[in-house]
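Pasted below: upload.cif, mmCIF, C-alpha atoms.
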data_structure
loop_
_atom_site.label_atom_id
_atom_site.label_comp_id
_atom_site.auth_asym_id
_atom_site.auth_seq_id
_atom_site.Cartn_x
_atom_site.Cartn_y
_atom_site.Cartn_z
CA GLN A 41 -13.48 14.29 -46.92
CA LYS A 42 -14.70 11.43 -44.76
CA GLU A 43 -16.67 12.78 -41.85
CA VAL A 44 -18.25 11.59 -38.68
CA GLU A 45 -20.90 13.84 -37.19
CA GLN A 46 -22.15 13.92 -33.62
CA ASN A 47 -24.33 16.32 -31.72
CA SER A 48 -21.89 18.09 -29.43
CA GLY A 49 -24.46 18.39 -26.65
CA PRO A 50 -24.38 18.72 -23.80
CA LEU A 51 -26.96 15.99 -23.40
CA SER A 52 -28.39 16.05 -19.92
CA VAL A 53 -30.41 13.14 -18.50
CA PRO A 54 -31.58 12.29 -15.00
CA GLU A 55 -30.10 9.36 -13.14
CA GLY A 56 -31.82 6.12 -14.12
CA ALA A 57 -32.97 7.37 -17.52
CA ILE A 58 -31.91 6.15 -20.95
CA ALA A 59 -29.27 8.26 -22.69
CA SER A 60 -29.31 8.13 -26.48
CA LEU A 61 -26.22 9.20 -28.39
CA ASN A 62 -26.23 9.47 -32.16
CA CYS A 63 -23.64 9.49 -34.92
CA THR A 64 -23.75 9.70 -38.71
CA TYR A 65 -20.91 9.03 -41.09
CA SER A 66 -20.21 9.94 -44.69
CA ASP A 67 -18.08 7.01 -45.91
CA ARG A 68 -20.57 4.44 -47.15
CA GLY A 69 -17.79 1.85 -47.29
CA SER A 70 -17.05 2.04 -43.57
CA GLN A 71 -16.97 -1.42 -42.05
CA SER A 72 -16.51 -1.06 -38.31
CA PHE A 73 -17.93 1.30 -35.75
CA PHE A 74 -16.78 2.14 -32.27
CA TRP A 75 -17.89 4.07 -29.23
CA TYR A 76 -15.29 5.48 -26.89
CA ARG A 77 -15.89 7.16 -23.56
CA GLN A 78 -13.57 9.97 -22.53
CA TYR A 79 -13.63 11.41 -19.05
CA SER A 80 -12.32 14.93 -18.65
CA GLY A 81 -8.53 14.91 -18.61
CA LYS A 82 -8.34 11.23 -19.52
CA SER A 83 -7.71 9.28 -22.70
CA PRO A 84 -10.51 7.56 -24.67
CA GLU A 85 -11.71 4.20 -23.40
CA LEU A 86 -13.31 1.72 -25.78
CA ILE A 87 -16.77 0.69 -24.60
CA MET A 88 -18.49 -0.81 -27.63
CA PHE A 89 -17.87 -1.88 -31.19
CA ILE A 90 -20.29 -3.09 -33.84
CA TYR A 91 -19.78 -4.47 -37.32
CA SER A 92 -23.21 -5.66 -38.47
CA ASN A 93 -26.56 -4.00 -38.90
CA GLY A 94 -28.81 -4.27 -35.90
CA ASP A 95 -28.30 -4.10 -32.17
CA LYS A 96 -25.45 -5.24 -29.96
CA GLU A 97 -25.90 -5.26 -26.22
CA ASP A 98 -23.25 -5.29 -23.50
CA GLY A 99 -24.53 -4.72 -20.01
CA ARG A 100 -26.21 -1.33 -19.84
CA PHE A 101 -24.90 -0.36 -23.27
CA THR A 102 -26.55 -1.07 -26.63
CA ALA A 103 -25.01 -0.09 -29.93
CA GLN A 104 -27.27 0.17 -32.96
CA LEU A 105 -26.08 0.24 -36.55
CA ASN A 106 -27.97 1.06 -39.73
CA LYS A 107 -25.57 1.03 -42.67
CA ALA A 108 -28.26 2.00 -45.18
CA SER A 109 -28.87 5.21 -43.25
CA GLN A 110 -25.18 5.56 -42.31
CA TYR A 111 -26.20 5.90 -38.72
CA VAL A 112 -24.89 4.43 -35.50
CA SER A 113 -26.15 5.06 -32.00
CA LEU A 114 -25.36 4.21 -28.41
CA LEU A 115 -28.01 3.72 -25.76
CA ILE A 116 -27.09 3.78 -22.10
CA ARG A 117 -29.77 2.32 -19.84
CA ASP A 118 -30.14 3.16 -16.17
CA SER A 119 -27.74 6.08 -16.59
CA GLN A 120 -25.47 6.77 -13.64
CA PRO A 121 -23.60 9.94 -12.68
CA SER A 122 -20.41 7.99 -13.40
CA ASP A 123 -21.50 7.82 -17.05
CA SER A 124 -21.00 11.58 -17.32
CA ALA A 125 -18.30 11.93 -19.97
CA THR A 126 -17.75 12.74 -23.63
CA TYR A 127 -18.70 9.90 -25.95
CA LEU A 128 -16.76 9.63 -29.18
CA CYS A 129 -18.01 7.82 -32.25
CA ALA A 130 -15.34 6.37 -34.54
CA VAL A 131 -15.52 4.54 -37.85
CA THR A 132 -13.00 2.77 -39.97
CA ASN A 133 -12.38 4.04 -43.47
CA SER A 134 -12.92 2.02 -46.59
CA GLY A 135 -10.18 1.63 -49.15
CA GLY A 136 -8.02 -1.09 -47.67
CA SER A 137 -6.78 0.65 -44.54
CA ASN A 138 -9.15 -0.77 -42.01
CA TYR A 139 -7.11 0.41 -39.06
CA LYS A 140 -7.62 4.08 -39.81
CA LEU A 141 -10.22 5.50 -37.50
CA THR A 142 -12.09 8.72 -38.13
CA PHE A 143 -13.54 10.22 -34.98
CA GLY A 144 -16.48 12.50 -34.41
CA LYS A 145 -16.08 15.48 -32.12
CA GLY A 146 -17.97 13.76 -29.37
CA THR A 147 -21.14 14.30 -27.36
CA LEU A 148 -20.87 15.50 -23.79
CA LEU A 149 -23.26 13.55 -21.58
CA THR A 150 -24.22 14.75 -18.12
CA VAL A 151 -26.19 12.44 -15.83
CA ASN A 152 -27.83 14.37 -13.02
CA PRO A 153 -28.32 12.69 -9.62
CA SER B 65 -6.14 -5.27 -23.87
CA ALA B 66 -2.48 -4.21 -23.83
CA VAL B 67 -1.08 -1.99 -21.12
CA ILE B 68 0.20 1.23 -22.66
CA SER B 69 2.32 3.88 -20.98
CA GLN B 70 3.44 7.27 -22.21
CA LYS B 71 6.13 9.65 -21.06
CA PRO B 72 5.96 12.45 -20.20
CA SER B 73 2.40 12.67 -18.98
CA ARG B 74 2.48 16.42 -19.44
CA ASP B 75 4.92 19.19 -20.27
CA ILE B 76 5.14 22.91 -20.75
CA CYS B 77 7.54 23.95 -23.48
CA GLN B 78 8.81 27.12 -25.08
CA ARG B 79 8.11 27.85 -28.70
CA GLY B 80 10.85 26.79 -31.07
CA THR B 81 11.89 23.82 -28.98
CA SER B 82 11.19 20.12 -29.56
CA LEU B 83 9.68 17.44 -27.35
CA THR B 84 9.96 13.68 -27.74
CA ILE B 85 7.08 11.58 -26.44
CA GLN B 86 7.57 7.92 -25.65
CA CYS B 87 5.03 5.13 -25.92
CA GLN B 88 5.66 1.73 -24.37
CA VAL B 89 3.43 -1.35 -24.73
CA ASP B 90 3.59 -4.49 -22.61
CA SER B 91 3.21 -6.80 -25.62
CA GLN B 92 4.51 -6.91 -29.17
CA VAL B 93 2.34 -5.14 -31.72
CA THR B 94 2.85 -4.66 -35.43
CA MET B 95 1.35 -1.20 -35.64
CA MET B 96 1.30 1.75 -33.29
CA PHE B 97 -0.64 4.89 -33.97
CA TRP B 98 -0.10 8.49 -32.97
CA TYR B 99 -3.06 10.84 -32.57
CA ARG B 100 -3.49 14.47 -31.68
CA GLN B 101 -6.43 15.92 -29.78
CA GLN B 102 -6.48 19.68 -29.86
CA PRO B 103 -8.44 21.55 -27.19
CA GLY B 104 -12.16 20.94 -27.59
CA GLN B 105 -11.60 18.80 -30.66
CA SER B 106 -11.70 15.14 -31.46
CA LEU B 107 -8.83 12.84 -32.24
CA THR B 108 -6.89 13.16 -35.48
CA LEU B 109 -4.52 10.46 -36.68
CA ILE B 110 -1.02 11.83 -37.22
CA ALA B 111 0.77 8.72 -38.45
CA THR B 112 1.10 4.97 -38.24
CA ALA B 113 4.40 3.64 -36.94
CA ASN B 114 5.45 0.26 -38.31
CA GLN B 115 8.46 -1.58 -36.99
CA GLY B 116 11.22 -1.81 -39.57
CA SER B 117 9.82 0.74 -41.98
CA GLU B 118 9.16 4.44 -42.17
CA ALA B 119 6.04 5.82 -40.57
CA THR B 120 3.01 6.54 -42.74
CA TYR B 121 1.78 10.09 -42.27
CA GLU B 122 -1.75 11.37 -42.75
CA SER B 123 -2.62 14.35 -44.87
CA GLY B 124 -1.53 17.54 -43.17
CA PHE B 125 1.25 15.96 -41.13
CA VAL B 126 4.88 15.77 -42.26
CA ILE B 127 7.93 13.92 -41.07
CA ASP B 128 9.99 17.07 -40.53
CA LYS B 129 7.45 18.33 -38.00
CA PHE B 130 6.56 14.98 -36.39
CA PRO B 131 9.44 12.53 -36.77
CA ILE B 132 8.62 9.07 -35.48
CA SER B 133 10.82 6.20 -34.44
CA ARG B 134 9.83 2.56 -34.03
CA PRO B 135 12.93 0.66 -32.95
CA ASN B 136 11.09 -2.51 -31.84
CA LEU B 137 7.64 -4.06 -31.50
CA THR B 138 6.91 -2.58 -28.06
CA PHE B 139 8.13 1.01 -28.31
CA SER B 140 7.72 4.15 -30.36
CA THR B 141 8.53 7.83 -30.07
CA LEU B 142 6.90 10.91 -31.56
CA THR B 143 8.82 14.17 -31.66
CA VAL B 144 7.02 17.48 -31.96
CA SER B 145 9.59 19.76 -33.59
CA ASN B 146 10.00 23.51 -33.63
CA MET B 147 6.89 23.90 -31.50
CA SER B 148 4.44 26.75 -31.66
CA PRO B 149 1.42 27.45 -29.43
CA GLU B 150 -0.76 25.75 -32.07
CA ASP B 151 0.93 22.47 -31.15
CA SER B 152 -0.63 22.61 -27.68
CA SER B 153 -2.62 19.38 -27.63
CA ILE B 154 -2.96 16.00 -26.10
CA TYR B 155 -0.83 13.47 -27.96
CA LEU B 156 -1.96 9.87 -27.72
CA CYS B 157 -0.54 6.61 -28.90
CA SER B 158 -2.75 3.64 -29.56
CA VAL B 159 -2.30 0.00 -30.45
CA PRO B 160 -4.64 -2.49 -32.08
CA SER B 161 -6.26 -5.26 -30.15
CA THR B 162 -4.83 -8.74 -30.48
CA GLY B 163 -6.62 -10.38 -33.36
CA SER B 164 -8.42 -7.23 -34.50
CA GLU B 165 -6.35 -4.40 -35.87
CA GLU B 166 -9.45 -2.24 -36.20
CA THR B 167 -10.05 -2.17 -32.45
CA GLN B 168 -7.64 0.29 -30.88
CA TYR B 169 -6.71 0.98 -27.29
CA PHE B 170 -5.21 4.25 -26.20
CA GLY B 171 -2.41 5.19 -23.90
CA PRO B 172 -2.94 7.78 -21.15
CA GLY B 173 -1.78 10.64 -23.37
CA THR B 174 0.77 13.44 -23.14
CA ARG B 175 -0.61 16.89 -22.42
CA LEU B 176 1.53 19.50 -24.10
CA LEU B 177 1.33 23.23 -23.59
CA VAL B 178 3.52 25.44 -25.75
CA LEU B 179 4.08 29.00 -24.56
#

Encoding of this model in structure tokens:
Amino acid sequence: QKEVEQNSGPLSVPEGAIASLNCTYSDRGSQSFFWYRQYSGKSPELIMFIYSNGDKEDGRFTAQLNKASQYVSLLIRDSQPSDSATYLCAVTNSGGSNYKLTFGKGTLLTVNP
Amino acid sequence: SAVISQKPSRDICQRGTSLTIQCQVDSQVTMMFWYRQQPGQSLTLIATANQGSEATYESGFVIDKFPISRPNLTFSTLTVSNMSPEDSSIYLCSVPSTGSEETQYFGPGTRLLVL
């Protein structure tokens, strides 16, 4: 069973702080890694993807990937109340079906003004 | 990214009935995906809908319960058949990004409550 694990939270940070969201995955052959943001009552919105080991930055967001440790994280700098949402980690499965995404259960982030 | 719409946005249904959910995309895509998100849970892939061929179902999902149609490259339907309260979920369709089938974008979802 291929699994993606996330701390369910809630993770609470003050406005302006760095929020750190973590994810581990069991399928060592996974190739691609995604972070989705889901506001309450809304559908998931893609915010970051990463394919290679290391860091990838996009605005206030940085994704970090360590394939040896099977670990991917998302850092949100200068957190804003509008960042309050559930963050879903997703990975593709190995075995030739690269479009199949396995999702974690998500981490609820609350940014306090 | 593609613009995706779903109908209905929400519905309340009686057990034993069926509901067909529509997914429309503003561009042609080879694959469309159907997911389920049960209350408090993450997303689970139900099936992949390919135009011109039968849908590919994931373990635990069967065609009799979730028949899918894919009549063209911009449209798909998912039917939830013989519903029970356990089928109360959000049903989402997604499509891959142009040039990267691994990157998926989601429609707004259909919120289903079965009484």

Item to check | Spatial neighbours of segment 104-109 of chain B, 7 Å, all atoms listed in the file, chain gap at least 3 places, as a PyMOL selection string | outcome: (chain A and resi 143-146) or (chain B and resi 98-101+122)

Checklist entry - In Å, how far is it from atom CA of Ser83 of chain A to atom CA of Phe97 of chain B? => result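 Computing the Euclidean distance for atom CA of Ser83 of chain A and atom CA of Phe97 of chain B yields 14.0 Å.
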
Next on the checklist: With 12 Å as the limit and counting all atoms listed in the file, what residues in chain A lie close to chain B? Please list them as a count of residues only.
Outcome noted: 50

Next on the checklist: Can you tell me which residues surround segment 77-83 of chain B at a distance of at most 9 Å, considering only C-alpha atoms, apart from same-chain residues fewer than 3 positions away, and format the answer as JSON, numbers by chain?
Outcome noted: {"B": [142, 143, 144, 145, 146, 147, 148, 149, 176, 177, 178, 179]}

Could you give me the axis-aligned bounding box of segment 105-108 of chain A, with 6 Å of padding per side, as centre plus edge lengths in Å to one decimal, as JSON?
{"center_x": -26.9, "center_y": 1.1, "center_z": -40.9, "size_x": 14.7, "size_y": 13.8, "size_z": 20.6}

Checklist entry - Near Ala57 of chain A, within 7 Å and counting all atoms listed in the file, which residues show up once chain neighbours fewer than 6 positions away are dropped, as a PyMOL selection string? => result chain A and resi 117-119

Checklist entry - For the file shown, what are the residues hit by the PyMOL selection byres ((chain B and resi 141) around 8), laid out as a ChimeraX atom specification? => result /B:84-87,132-134,139-140,142-143

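Across the model, the gap from atom CA of Gln104 of chain A to atom CA of Ser52 of chain A is 20.6 Å.
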